[in-house]
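Reviewing the structure listed below.
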Amino acid sequence: MKKVGFISLGCPKNLVDSEVMMGQLKLKGYEVTNDASEADTLVVNTCGFIEAAKKESVEAILEAARLKSEGSCSRLIVAGCLVERYRDELRAEIPEVDAFIGTNQINDITIVADARVNTRSLPILPLGNQTATYLYDESTPRVLATPGYSAYVKIAEGCDRPCAFCFIPQMRGHFRSRRFGSVVSEAQALAEKGVKEIILVAQDSSRYGEDLGQQDGLAHLLRELSQLDAVEWVRVMYTYPTHISDGFLDVLAEEPKAVKYLDMPLQHASRNVLKLMKRGGDRASLERLIARVRRRVPGIAVRTTFITGFPGETEEDFEELLAFVRAVEFDRVGVFTYSDEEGTPAFDLAAKVDPKVAARRRTRLMKEQSRISLKKNRTRVGSTLRVLFEGPSKETDLLWQGRTETQAPDIDGCVLINDAPEGLRPEPGDFVNVRITEAQQYDLVGEIV
């Protein structure tokens, strides 16, 4: 039996692609291994979103090429967004790679993994391919790379938004939703395997079903998934601010299993910068949106991301963003410095911001958010929260950890648990009540009660 190892980089949407490729290979008789050094075939599923991600992907490919040159593996396959963007350069500069497959060629993984196939001659779809059609469905085999109690479900592929800084529409193709019944069937099958948290992902989740003629498709999908018996939490990631409907918010407010958590990247608050980003709106409209969200869904946690150093961002623009963050007091914030990506509209903009200035602005914004986060966490000391137990802490062997419904995996803080007696210790995936005894900037500390 051939062993195949995966190195999956980038976002959860890319991870789902890796899980699908692993599932297809396993169905063909391959053994999936977590140890790259013992793999006969290595697959690097790359990210090409921003400069840091591209660099990480190239480093992973070169490390895999080193393993191949040393004889640890005999076949090296590179997949994903970086292939769509730099296929010719990669093919020319890294001859150790046996095959390149783009984001619309996931089904080709079983072909290119076959040692009998001359993979260097296989076609790669043209860059900016708008005829991309690939969508996995409920019948597609998957091998979960997440803990058994939590799984991502991709509900759509591609994007039609015109955001000036983003290359993803050219790498992933036009927006296309999965069928309603397909998503529900997959979630039901995952629940039957013990998955308790379903996390819906897409490049733009809030538009789900629009291309299929469904009105308020995300709201209907979320309500339907909230009825599944074995599922405890349904979480939605990557929504767009212009598509946050009252119907969607009503489901969050009314359905106990629809977690009160809104992930909505805003990118900026200055009218000037938002216009340059081709997103529109201004600080006042965004403040009205957040107020509406919080009014309709009491207790909701709102997460967002911002970009500092976008071309044309002045000091006044940044100060407006900083004031916006102070006024709104988001529960979770991520900040990226602008990455100048060739082929995007922003690449051609004048008035570039010095990277050091962008980095300094990011530090100031995160410092302000850490203050807000600590303040919010302190209000939870003394309360008892329902927590999804995850097992040993990733930070220290002395603690355990879990998450509340307002904490998404990997990107948000967690609940550190300092009291899990041997006889009462839960299993990963169990829900426990934790009394919060201490607040940190991003994490909470407590004991099981």
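Identifiers in this document derive from the order of the structure tokens: chains are assigned A, B, ..., residues are numbered from 1 separately in each chain, and ligands are numbered from 1 in order of occurrence.
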Do you know which residues are at most 12 Å from Leu321 in chain A counting only C-alpha atoms, after dropping those on the same chain fewer than 5 positions away, and could you put them as a PyMOL selection string?
chain A and resi 266-274+282-284+286-287+305-309+313-316+326-329+335+361-362+364-366+368-369
May I have the residues within 8 Å of range 54-61 of chain A as JSON, numbers by chain, using only C-alpha atoms and disregarding those fewer than 3 positions away in the same chain?
{"A": [7, 9, 44, 46, 47, 48, 49, 50, 51, 64, 65, 78, 82]}
If you count only C-alpha atoms, which residues fall within 8 Å of Val32 in chain A, apart from same-chain ones fewer than 5 positions away, as a PDB file with N, CA and C atoms, in the first residue's frame?
ATOM      1  N   LYS A   3       1.943   5.004   0.671  1.00  0.00           N
ATOM      2  CA  LYS A   3       1.631   5.981   1.697  1.00  0.00           C
ATOM      3  C   LYS A   3       1.723   7.380   1.110  1.00  0.00           C
ATOM      4  N   VAL A   4       0.727   8.208   1.412  1.00  0.00           N
ATOM      5  CA  VAL A   4       0.711   9.578   0.917  1.00  0.00           C
ATOM      6  C   VAL A   4       0.590  10.535   2.094  1.00  0.00           C
ATOM      7  N   GLY A   5       1.425  11.583   2.078  1.00  0.00           N
ATOM      8  CA  GLY A   5       1.403  12.591   3.130  1.00  0.00           C
ATOM      9  C   GLY A   5       0.965  13.930   2.573  1.00  0.00           C
ATOM     10  N   PHE A   6       0.255  14.710   3.397  1.00  0.00           N
ATOM     11  CA  PHE A   6      -0.264  16.005   2.958  1.00  0.00           C
ATOM     12  C   PHE A   6       0.297  17.129   3.808  1.00  0.00           C
ATOM     13  N   MET A  22      -7.469  13.650   0.104  1.00  0.00           N
ATOM     14  CA  MET A  22      -7.103  12.491   0.929  1.00  0.00           C
ATOM     15  C   MET A  22      -8.173  11.411   0.851  1.00  0.00           C
ATOM     16  N   LYS A  26      -7.554   7.638  -0.477  1.00  0.00           N
ATOM     17  CA  LYS A  26      -7.828   6.504   0.414  1.00  0.00           C
ATOM     18  C   LYS A  26      -8.775   5.515  -0.250  1.00  0.00           C
TER      19      LYS A  26
END
Could you pull out all residues of range 95-205 of chain A with a DSSP call of helix (DSSP H, G or I) and give them as a PyMOL selection string?
chain A and resi 106-112+119-121+168-172+180-192+205
Would you pick out the contacts of Ser18 in chain A at 12 Å or less, using only C-alpha atoms, so that residues sharing its chain but fewer than 4 positions from it are not included, and give the list as a ChimeraX atom specification?
/A:4-14,22-25,32,42-47,78-80,103,106-107,109,136,141-146,152
What does the file look like for those residues with N, CA and C atoms, as an mmCIF file, in the first residue's frame?
data_model
loop_
_atom_site.group_PDB
_atom_site.id
_atom_site.type_symbol
_atom_site.label_atom_id
_atom_site.label_comp_id
_atom_site.auth_asym_id
_atom_site.auth_seq_id
_atom_site.Cartn_x
_atom_site.Cartn_y
_atom_site.Cartn_z
ATOM 1 N N VAL A 4 0.727 8.208 1.412
ATOM 2 C CA VAL A 4 0.711 9.578 0.917
ATOM 3 C C VAL A 4 0.590 10.535 2.094
ATOM 4 N N GLY A 5 1.425 11.583 2.078
ATOM 5 C CA GLY A 5 1.403 12.591 3.130
ATOM 6 C C GLY A 5 0.965 13.930 2.573
ATOM 7 N N PHE A 6 0.255 14.710 3.397
ATOM 8 C CA PHE A 6 -0.264 16.005 2.958
ATOM 9 C C PHE A 6 0.297 17.129 3.808
ATOM 10 N N ILE A 7 0.671 18.209 3.150
ATOM 11 C CA ILE A 7 1.006 19.469 3.816
ATOM 12 C C ILE A 7 -0.009 20.482 3.311
ATOM 13 N N SER A 8 -0.970 20.856 4.174
ATOM 14 C CA SER A 8 -2.047 21.746 3.761
ATOM 15 C C SER A 8 -1.851 23.114 4.386
ATOM 16 N N LEU A 9 -1.770 24.131 3.547
ATOM 17 C CA LEU A 9 -1.494 25.493 4.004
ATOM 18 C C LEU A 9 -2.693 26.404 3.725
ATOM 19 N N GLY A 10 -2.734 27.539 4.429
ATOM 20 C CA GLY A 10 -3.778 28.514 4.157
ATOM 21 C C GLY A 10 -5.025 28.315 4.983
ATOM 22 N N CYS A 11 -6.155 28.663 4.397
ATOM 23 C CA CYS A 11 -7.424 28.783 5.120
ATOM 24 C C CYS A 11 -8.148 27.444 5.247
ATOM 25 N N PRO A 12 -9.216 27.412 6.071
ATOM 26 C CA PRO A 12 -10.018 26.189 6.192
ATOM 27 C C PRO A 12 -10.619 25.725 4.868
ATOM 28 N N LYS A 13 -10.894 26.656 3.957
ATOM 29 C CA LYS A 13 -11.438 26.255 2.650
ATOM 30 C C LYS A 13 -10.421 25.405 1.901
ATOM 31 N N ASN A 14 -9.149 25.748 2.033
ATOM 32 C CA ASN A 14 -8.091 24.957 1.417
ATOM 33 C C ASN A 14 -7.963 23.608 2.121
ATOM 34 N N MET A 22 -7.469 13.650 0.104
ATOM 35 C CA MET A 22 -7.103 12.491 0.929
ATOM 36 C C MET A 22 -8.173 11.411 0.851
ATOM 37 N N GLY A 23 -9.433 11.825 0.861
ATOM 38 C CA GLY A 23 -10.523 10.866 0.778
ATOM 39 C C GLY A 23 -10.519 10.098 -0.527
ATOM 40 N N GLN A 24 -10.243 10.793 -1.630
ATOM 41 C CA GLN A 24 -10.221 10.127 -2.925
ATOM 42 C C GLN A 24 -9.046 9.156 -3.029
ATOM 43 N N LEU A 25 -7.900 9.561 -2.479
ATOM 44 C CA LEU A 25 -6.735 8.667 -2.514
ATOM 45 C C LEU A 25 -6.959 7.433 -1.639
ATOM 46 N N VAL A 32 -3.050 7.187 4.102
ATOM 47 C CA VAL A 32 -2.705 8.567 4.441
ATOM 48 C C VAL A 32 -1.891 8.574 5.732
ATOM 49 N N LEU A 42 4.164 12.830 -1.625
ATOM 50 C CA LEU A 42 3.870 14.022 -0.825
ATOM 51 C C LEU A 42 3.032 14.988 -1.663
ATOM 52 N N VAL A 43 1.989 15.536 -1.044
ATOM 53 C CA VAL A 43 1.142 16.544 -1.686
ATOM 54 C C VAL A 43 1.218 17.818 -0.861
ATOM 55 N N VAL A 44 1.620 18.917 -1.498
ATOM 56 C CA VAL A 44 1.639 20.226 -0.841
ATOM 57 C C VAL A 44 0.489 21.030 -1.419
ATOM 58 N N ASN A 45 -0.528 21.303 -0.601
ATOM 59 C CA ASN A 45 -1.673 22.106 -1.042
ATOM 60 C C ASN A 45 -1.421 23.546 -0.619
ATOM 61 N N THR A 46 -1.184 24.416 -1.579
ATOM 62 C CA THR A 46 -0.618 25.734 -1.325
ATOM 63 C C THR A 46 -1.657 26.836 -1.189
ATOM 64 N N CYS A 47 -1.216 27.946 -0.599
ATOM 65 C CA CYS A 47 -1.996 29.180 -0.507
ATOM 66 C C CYS A 47 -1.250 30.262 -1.279
ATOM 67 N N VAL A 78 2.150 19.248 -6.259
ATOM 68 C CA VAL A 78 1.821 20.566 -5.714
ATOM 69 C C VAL A 78 0.449 20.962 -6.231
ATOM 70 N N ALA A 79 -0.429 21.367 -5.298
ATOM 71 C CA ALA A 79 -1.812 21.703 -5.635
ATOM 72 C C ALA A 79 -2.163 23.077 -5.082
ATOM 73 N N GLY A 80 -3.349 23.554 -5.436
ATOM 74 C CA GLY A 80 -3.890 24.731 -4.776
ATOM 75 C C GLY A 80 -3.695 26.049 -5.486
ATOM 76 N N THR A 103 -6.941 24.498 -8.562
ATOM 77 C CA THR A 103 -8.073 24.383 -7.631
ATOM 78 C C THR A 103 -9.306 23.769 -8.280
ATOM 79 N N ILE A 106 -9.226 19.109 -8.497
ATOM 80 C CA ILE A 106 -9.122 18.264 -7.305
ATOM 81 C C ILE A 106 -9.309 16.788 -7.647
ATOM 82 N N ASN A 107 -10.229 16.502 -8.553
ATOM 83 C CA ASN A 107 -10.501 15.103 -8.916
ATOM 84 C C ASN A 107 -9.327 14.428 -9.618
ATOM 85 N N ILE A 109 -6.380 14.232 -8.548
ATOM 86 C CA ILE A 109 -5.354 13.805 -7.588
ATOM 87 C C ILE A 109 -5.049 12.316 -7.715
ATOM 88 N N TYR A 136 -17.308 19.915 -4.700
ATOM 89 C CA TYR A 136 -17.511 18.590 -4.117
ATOM 90 C C TYR A 136 -18.948 18.500 -3.605
ATOM 91 N N PRO A 141 -15.772 11.450 -1.093
ATOM 92 C CA PRO A 141 -15.088 10.961 0.114
ATOM 93 C C PRO A 141 -14.196 12.028 0.724
ATOM 94 N N ARG A 142 -14.126 12.062 2.047
ATOM 95 C CA ARG A 142 -13.265 13.007 2.764
ATOM 96 C C ARG A 142 -12.595 12.294 3.923
ATOM 97 N N VAL A 143 -11.382 12.706 4.217
ATOM 98 C CA VAL A 143 -10.688 12.271 5.435
ATOM 99 C C VAL A 143 -10.486 13.529 6.277
ATOM 100 N N LEU A 144 -11.162 13.612 7.406
ATOM 101 C CA LEU A 144 -11.095 14.822 8.225
ATOM 102 C C LEU A 144 -9.707 15.010 8.814
ATOM 103 N N ALA A 145 -9.187 16.229 8.675
ATOM 104 C CA ALA A 145 -7.905 16.580 9.279
ATOM 105 C C ALA A 145 -8.116 17.338 10.585
ATOM 106 N N THR A 146 -9.363 17.653 10.881
ATOM 107 C CA THR A 146 -9.719 18.332 12.129
ATOM 108 C C THR A 146 -9.994 17.284 13.204
ATOM 109 N N TYR A 152 -15.223 21.298 9.034
ATOM 110 C CA TYR A 152 -15.597 22.372 8.114
ATOM 111 C C TYR A 152 -16.437 21.785 6.981
#
Using only C-alpha atoms, can you tell me which of A:Gly312, A:Pro169, A:Gly413, A:Pro162 comes closest to Cys81 in chain A?
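Between A:Gly312, A:Pro169, A:Gly413, A:Pro162, the residue approaching Cys81 in chain A most closely is A:Pro169.
Checking A:Gly217, A:Ala151, A:Asp410, A:Asp114 one by one against Tyr30 in chain A, counting only C-alpha atoms, you find the shortest gap at A:Asp114.
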Nearest to Arg403 in chain A: which of A:Ser72, A:Thr133, A:Ser150, A:Ser339 is it, counting only C-alpha atoms?
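Among the listed residues, the smallest separation from Arg403 in chain A belongs to A:Ser150.
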Pairwise distance for CA of Lys68 in chain A and CA of Pro95 in chain A, rounded to one decimal in Å
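These two atoms are separated by 11.4 Å.
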Can you list, as a ChimeraX atom specification, every protein, DNA or RNA residue that comes within 8 Å of Ala219 in chain A when you count only C-alpha atoms, leaving out same-chain residues fewer than 3 positions away?
/A:216,222-223,247-249,251
Kindly assemble as JSON lines a list of the range 256-298 of chain A residues that lie within 10 Å of range 342-354 of chain A, each paired with its nearest atom pair and their distance in Å to one decimal, using only C-alpha atoms, sorted first by chain and then by ascending residue number.
{"residue": "A:Leu276", "atom": "CA", "partner": "A:Ala346", "partner_atom": "CA", "distance": 7.8}
{"residue": "A:Met277", "atom": "CA", "partner": "A:Ala346", "partner_atom": "CA", "distance": 7.3}
{"residue": "A:Lys278", "atom": "CA", "partner": "A:Pro345", "partner_atom": "CA", "distance": 9.2}
One-decimal distance in Å that lies between CA of Gln203 in chain A and CA of Leu15 in chain A
13.2 Å
List the neighbours of range 372-383 of chain A out to 9 Å using only C-alpha atoms; skip same-chain residues closer than 6 positions along the sequence, and give me the result as a list in words.
Arg326, Glu329, Phe330, Asp331, Arg332, Val434, Arg435, Ile436, Thr437, Glu438, Ala439, Gln440, Gln441, Tyr442, Asp443, Leu444, Val445 and Gly446 of chain A
Lys260 in chain A surroundings by only C-alpha atoms, 8 Å radius, close-in-sequence under 6 positions cut, as a list in words
Leu252, Ala253, Val297, Gly299, Ile300, Ala301, Glu405 and Thr406 of chain A
Between CA of Gly181 in chain A and CA of Glu19 in chain A, what is the distance, to one decimal in Å?
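Value for the CA of Gly181 in chain A-CA of Glu19 in chain A distance: 20.6 Å.
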Which parts of range 174-364 of chain A does DSSP call strand (DSSP E) when run on the backbone here, written out as a CSV table (one decimal) with N, CA and C atoms, in the first residue's frame?
chain,number,residue,atom,x,y,z
A,176,ARG,N,-20.1,30.0,-6.9
A,176,ARG,CA,-21.1,29.0,-7.2
A,176,ARG,C,-21.4,28.2,-5.9
A,177,SER,N,-22.7,28.1,-5.6
A,177,SER,CA,-23.1,27.4,-4.4
A,177,SER,C,-23.4,26.0,-4.6
A,197,GLU,N,-19.7,19.9,16.0
A,197,GLU,CA,-19.6,21.3,15.5
A,197,GLU,C,-19.4,21.4,14.0
A,198,ILE,N,-20.4,21.9,13.3
A,198,ILE,CA,-20.3,22.1,11.9
A,198,ILE,C,-19.9,23.6,11.6
A,199,ILE,N,-18.9,23.8,10.9
A,199,ILE,CA,-18.4,25.1,10.6
A,199,ILE,C,-18.5,25.4,9.1
A,200,LEU,N,-19.5,26.3,8.7
A,200,LEU,CA,-19.7,26.5,7.3
A,200,LEU,C,-18.7,27.6,6.8
A,201,VAL,N,-18.1,27.2,5.7
A,201,VAL,CA,-17.1,28.1,5.1
A,201,VAL,C,-17.3,28.3,3.6
A,233,TRP,N,-23.4,22.5,17.6
A,233,TRP,CA,-23.1,23.9,17.2
A,233,TRP,C,-23.0,24.0,15.7
A,234,VAL,N,-23.6,25.0,15.1
A,234,VAL,CA,-23.4,25.3,13.7
A,234,VAL,C,-22.8,26.8,13.6
A,235,ARG,N,-21.7,26.9,13.0
A,235,ARG,CA,-21.0,28.2,13.0
A,235,ARG,C,-20.8,28.6,11.5
A,236,VAL,N,-20.9,29.9,11.3
A,236,VAL,CA,-20.7,30.4,9.9
A,236,VAL,C,-19.5,31.3,9.9
A,261,TYR,N,-22.3,34.1,16.9
A,261,TYR,CA,-20.9,34.4,16.4
A,261,TYR,C,-21.0,34.9,15.0
A,262,LEU,N,-20.5,36.1,14.8
A,262,LEU,CA,-20.5,36.6,13.4
A,262,LEU,C,-19.1,37.0,13.0
A,263,ASP,N,-18.6,36.3,11.9
A,263,ASP,CA,-17.3,36.5,11.3
A,263,ASP,C,-17.6,37.4,10.1
A,301,ALA,N,-21.0,37.5,19.6
A,301,ALA,CA,-19.6,37.9,19.5
A,301,ALA,C,-19.4,38.3,18.0
A,302,VAL,N,-18.8,39.4,17.8
A,302,VAL,CA,-18.5,39.9,16.4
A,302,VAL,C,-17.0,39.9,16.2
A,303,ARG,N,-16.6,39.1,15.1
A,303,ARG,CA,-15.2,39.1,14.7
A,303,ARG,C,-15.0,39.8,13.4
A,304,THR,N,-13.9,40.5,13.2
A,304,THR,CA,-13.6,41.1,12.0
A,304,THR,C,-12.1,41.1,11.7
A,305,THR,N,-11.8,41.5,10.5
A,305,THR,CA,-10.4,41.7,10.1
A,305,THR,C,-10.2,43.1,9.4
A,306,PHE,N,-9.0,43.6,9.6
A,306,PHE,CA,-8.7,44.9,9.0
A,306,PHE,C,-7.4,44.8,8.2
A,307,ILE,N,-7.2,45.7,7.3
A,307,ILE,CA,-5.9,45.9,6.6
A,307,ILE,C,-5.3,47.2,6.9
A,308,THR,N,-4.1,47.3,7.3
A,308,THR,CA,-3.4,48.6,7.5
A,308,THR,C,-2.4,48.8,6.3
A,332,ARG,N,-13.6,40.1,18.6
A,332,ARG,CA,-12.4,39.5,18.1
A,332,ARG,C,-11.9,40.4,16.9
A,333,VAL,N,-10.6,40.6,16.7
A,333,VAL,CA,-10.1,41.4,15.6
A,333,VAL,C,-8.8,40.7,15.1
A,334,GLY,N,-8.7,40.6,13.8
A,334,GLY,CA,-7.4,40.3,13.2
A,334,GLY,C,-6.9,41.4,12.3
A,335,VAL,N,-5.7,41.7,12.3
A,335,VAL,CA,-5.2,42.8,11.4
A,335,VAL,C,-4.0,42.3,10.6
A,336,PHE,N,-4.1,42.6,9.3
A,336,PHE,CA,-3.0,42.3,8.3
A,336,PHE,C,-2.4,43.5,7.8
A,337,THR,N,-1.2,43.5,7.5
A,337,THR,CA,-0.6,44.7,6.8
A,337,THR,C,-0.8,44.4,5.3
